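I have placed the structure first, in the form of structure tokens, so that the comments after it can refer back to it.
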Amino acid sequence: MADQTSSNDMTNYIPYLRALKQLSDRLGATPEQMAAWVWAGPDQGGLAAYLDTSELEPPLRFYFDCSMGEDYVAAFVACSFLEDDIASFQATDRYITSDELR
């Protein structure tokens, strides 16, 4: 999947897997940590995820929904992230899963 760019302001969006790779390489981030950062959102030190970046200007903001079930990480496959947000993101909080805790 190629980078998606809006026509008006050259805002670059990158797909979830590329964003995760960059955060994993730079911060050691896991998919679960990324989900927690998206849950928190940018106002709480996290990240914003977007849907339909190639079709809508501005794109829809992704939010978790309680009807998504337990596989919340799978919901990110269709998401994109602002390239600048991923490149400059500094985690203020880190998260682990209950399995890692045990």
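Ordered as shown in the structure tokens, chains take letters A, B, and onward, while each chain numbers its residues from 1 and ligands are numbered from 1 in the order shown.
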Please provide the set of residues having any atom within 12 Å of Ala78 (chain A), restricted to only C-alpha atoms, with same-chain residues fewer than 6 positions apart removed, written as a PDB file with C-alpha atoms, in the first residue's frame.
```
ATOM      1  CA  MET A   1       0.000   0.000   0.000  1.00  0.00           C
ATOM      2  CA  ILE A  14       1.171   6.066   6.269  1.00  0.00           C
ATOM      3  CA  PRO A  15      -0.560   2.714   6.745  1.00  0.00           C
ATOM      4  CA  TYR A  16      -0.731   1.020  10.131  1.00  0.00           C
ATOM      5  CA  LEU A  17       1.921  -1.627   9.461  1.00  0.00           C
ATOM      6  CA  ALA A  49      -5.552   7.102  13.694  1.00  0.00           C
ATOM      7  CA  TYR A  50      -7.566   7.803  10.556  1.00  0.00           C
ATOM      8  CA  LEU A  51      -9.839   5.968   8.130  1.00  0.00           C
ATOM      9  CA  ASP A  52     -10.528   6.648   4.455  1.00  0.00           C
ATOM     10  CA  THR A  53      -7.463   8.860   4.010  1.00  0.00           C
ATOM     11  CA  SER A  54      -7.512   8.496   0.236  1.00  0.00           C
ATOM     12  CA  LEU A  60     -12.448  10.178   9.433  1.00  0.00           C
ATOM     13  CA  ARG A  61     -10.834   9.847  12.837  1.00  0.00           C
ATOM     14  CA  PHE A  62     -10.732   6.256  14.106  1.00  0.00           C
TER      15      PHE A  62
END
```
Identify, on the basis of only C-alpha atoms, every residue whose closest approach to Ile86 (chain A) does not exceed 9 Å; exclude the query and any residue fewer than 2 positions from it along the same chain; express the result as an mmCIF file with all heavy atoms, in the first residue's frame.
```
data_model
loop_
_atom_site.group_PDB
_atom_site.id
_atom_site.type_symbol
_atom_site.label_atom_id
_atom_site.label_comp_id
_atom_site.auth_asym_id
_atom_site.auth_seq_id
_atom_site.Cartn_x
_atom_site.Cartn_y
_atom_site.Cartn_z
ATOM 1 N N ILE A 14 0.526 7.359 6.478
ATOM 2 C CA ILE A 14 1.171 6.066 6.269
ATOM 3 C C ILE A 14 0.284 4.981 6.857
ATOM 4 O O ILE A 14 -0.422 5.205 7.839
ATOM 5 C CB ILE A 14 2.596 6.013 6.869
ATOM 6 C CG1 ILE A 14 2.591 6.279 8.375
ATOM 7 C CG2 ILE A 14 3.517 6.992 6.149
ATOM 8 C CD1 ILE A 14 3.943 6.102 9.043
ATOM 9 N N ALA A 19 3.569 2.372 10.149
ATOM 10 C CA ALA A 19 3.649 3.169 11.379
ATOM 11 C C ALA A 19 4.130 2.305 12.544
ATOM 12 O O ALA A 19 4.996 2.716 13.318
ATOM 13 C CB ALA A 19 2.290 3.785 11.695
ATOM 14 N N LEU A 20 3.575 1.102 12.657
ATOM 15 C CA LEU A 20 3.993 0.192 13.724
ATOM 16 C C LEU A 20 5.472 -0.156 13.588
ATOM 17 O O LEU A 20 6.204 -0.163 14.583
ATOM 18 C CB LEU A 20 3.144 -1.072 13.712
ATOM 19 C CG LEU A 20 3.545 -2.147 14.721
ATOM 20 C CD1 LEU A 20 3.457 -1.626 16.160
ATOM 21 C CD2 LEU A 20 2.693 -3.386 14.541
ATOM 22 N N GLN A 22 7.866 1.611 12.256
ATOM 23 C CA GLN A 22 8.683 2.764 12.658
ATOM 24 C C GLN A 22 8.715 2.915 14.177
ATOM 25 O O GLN A 22 9.780 3.158 14.757
ATOM 26 C CB GLN A 22 8.157 4.030 12.000
ATOM 27 C CG GLN A 22 8.433 4.088 10.525
ATOM 28 C CD GLN A 22 7.914 5.352 9.879
ATOM 29 O OE1 GLN A 22 7.604 6.347 10.546
ATOM 30 N NE2 GLN A 22 7.804 5.335 8.557
ATOM 31 N N LEU A 23 7.556 2.777 14.823
ATOM 32 C CA LEU A 23 7.513 2.904 16.283
ATOM 33 C C LEU A 23 8.208 1.731 16.969
ATOM 34 O O LEU A 23 8.843 1.903 18.005
ATOM 35 C CB LEU A 23 6.069 3.025 16.759
ATOM 36 C CG LEU A 23 5.362 4.320 16.374
ATOM 37 C CD1 LEU A 23 3.900 4.273 16.796
ATOM 38 C CD2 LEU A 23 6.063 5.517 16.998
ATOM 39 N N LEU A 47 -1.806 8.904 20.171
ATOM 40 C CA LEU A 47 -1.821 9.095 18.725
ATOM 41 C C LEU A 47 -3.242 9.139 18.175
ATOM 42 O O LEU A 47 -4.145 8.560 18.772
ATOM 43 C CB LEU A 47 -1.104 7.922 18.044
ATOM 44 C CG LEU A 47 0.384 7.800 18.259
ATOM 45 C CD1 LEU A 47 0.867 6.426 17.833
ATOM 46 C CD2 LEU A 47 1.100 8.889 17.477
ATOM 47 N N PHE A 81 -1.954 6.734 9.669
ATOM 48 C CA PHE A 81 -1.463 7.688 10.655
ATOM 49 C C PHE A 81 -0.743 8.813 9.948
ATOM 50 O O PHE A 81 -0.164 8.603 8.881
ATOM 51 C CB PHE A 81 -0.505 6.988 11.632
ATOM 52 C CG PHE A 81 -1.169 5.941 12.460
ATOM 53 C CD1 PHE A 81 -1.403 4.673 11.941
ATOM 54 C CD2 PHE A 81 -1.595 6.215 13.741
ATOM 55 C CE1 PHE A 81 -2.034 3.698 12.693
ATOM 56 C CE2 PHE A 81 -2.231 5.251 14.501
ATOM 57 C CZ PHE A 81 -2.451 3.994 13.971
ATOM 58 N N LEU A 82 -0.754 9.985 10.539
ATOM 59 C CA LEU A 82 0.002 11.088 9.979
ATOM 60 C C LEU A 82 1.488 10.758 10.089
ATOM 61 O O LEU A 82 1.988 10.432 11.168
ATOM 62 C CB LEU A 82 -0.294 12.391 10.716
ATOM 63 C CG LEU A 82 -1.628 13.040 10.399
ATOM 64 C CD1 LEU A 82 -1.934 14.149 11.391
ATOM 65 C CD2 LEU A 82 -1.626 13.571 8.975
ATOM 66 N N GLU A 83 2.183 10.838 8.979
ATOM 67 C CA GLU A 83 3.610 10.493 8.953
ATOM 68 C C GLU A 83 4.406 11.333 9.951
ATOM 69 O O GLU A 83 5.263 10.809 10.667
ATOM 70 C CB GLU A 83 4.147 10.689 7.534
ATOM 71 C CG GLU A 83 5.564 10.222 7.355
ATOM 72 C CD GLU A 83 5.994 10.277 5.910
ATOM 73 O OE1 GLU A 83 5.598 11.219 5.193
ATOM 74 O OE2 GLU A 83 6.727 9.364 5.505
ATOM 75 N N ASP A 84 4.123 12.630 10.026
ATOM 76 C CA ASP A 84 4.835 13.501 10.965
ATOM 77 C C ASP A 84 4.563 13.118 12.416
ATOM 78 O O ASP A 84 5.449 13.216 13.264
ATOM 79 C CB ASP A 84 4.458 14.965 10.743
ATOM 80 C CG ASP A 84 5.014 15.525 9.446
ATOM 81 O OD1 ASP A 84 5.929 14.906 8.855
ATOM 82 O OD2 ASP A 84 4.516 16.584 9.005
ATOM 83 N N SER A 88 7.604 11.967 15.000
ATOM 84 C CA SER A 88 7.926 12.788 16.165
ATOM 85 C C SER A 88 7.364 12.244 17.486
ATOM 86 O O SER A 88 7.620 12.828 18.544
ATOM 87 C CB SER A 88 7.411 14.209 15.953
ATOM 88 O OG SER A 88 5.997 14.224 15.851
ATOM 89 N N PHE A 89 6.637 11.139 17.448
ATOM 90 C CA PHE A 89 5.972 10.639 18.641
ATOM 91 C C PHE A 89 6.978 10.204 19.704
ATOM 92 O O PHE A 89 7.926 9.469 19.426
ATOM 93 C CB PHE A 89 5.062 9.461 18.305
ATOM 94 C CG PHE A 89 4.311 8.926 19.490
ATOM 95 C CD1 PHE A 89 3.298 9.663 20.068
ATOM 96 C CD2 PHE A 89 4.633 7.707 20.046
ATOM 97 C CE1 PHE A 89 2.600 9.188 21.174
ATOM 98 C CE2 PHE A 89 3.946 7.211 21.136
ATOM 99 C CZ PHE A 89 2.935 7.959 21.697
ATOM 100 N N GLN A 90 6.758 10.681 20.911
ATOM 101 C CA GLN A 90 7.525 10.266 22.081
ATOM 102 C C GLN A 90 6.538 9.762 23.119
ATOM 103 O O GLN A 90 5.667 10.508 23.558
ATOM 104 C CB GLN A 90 8.332 11.439 22.665
ATOM 105 C CG GLN A 90 9.421 11.942 21.752
ATOM 106 C CD GLN A 90 10.476 10.880 21.474
ATOM 107 O OE1 GLN A 90 10.874 10.116 22.342
ATOM 108 N NE2 GLN A 90 10.926 10.822 20.230
#
```
Worksheet item: Got a sec: who's within 9 Å of Thr30 (chain A), counting only C-alpha atoms, leaving out chain neighbours fewer than 3 positions off, as a count of residues only?
Response: 8
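The smallest atom-to-atom distance between Ala36 (chain A) and any of A:Tyr72, A:Pro59, A:Ala87, A:Cys79, using only C-alpha atoms, is found for A:Tyr72.
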Item to complete: State, in Å with one decimal place, the distance from CA of Gly45 (chain A) to CA of Leu27 (chain A).
Response: 14.8 Å
Fill in: DSSP helix (DSSP H, G or I) residues within region 4-102 of chain A, listed as a VMD selection string
chain A and resid 16 to 27 31 to 40 42 to 44 66 to 68 72 to 78 83 to 88 98 to 101
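Counting from CA of Pro42 (chain A), the distance to CA of Arg18 (chain A) is 19.2 Å.
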Item to complete: Select from chain A everything DSSP, run on the backbone, classes as strand (DSSP E), then give the selection as an MDAnalysis selection string.
Response: chainID A and resid 4:5 12:15 50:51 60:61 80:82
Discussion item. Just checking: using only C-alpha atoms, which residue out of A:Trp39, A:Glu55, A:Gly46, A:Glu32 ends up closest to Ala74 (chain A)?
Written reply: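 With only C-alpha atoms as the atom set, the closest residue is A:Glu32.
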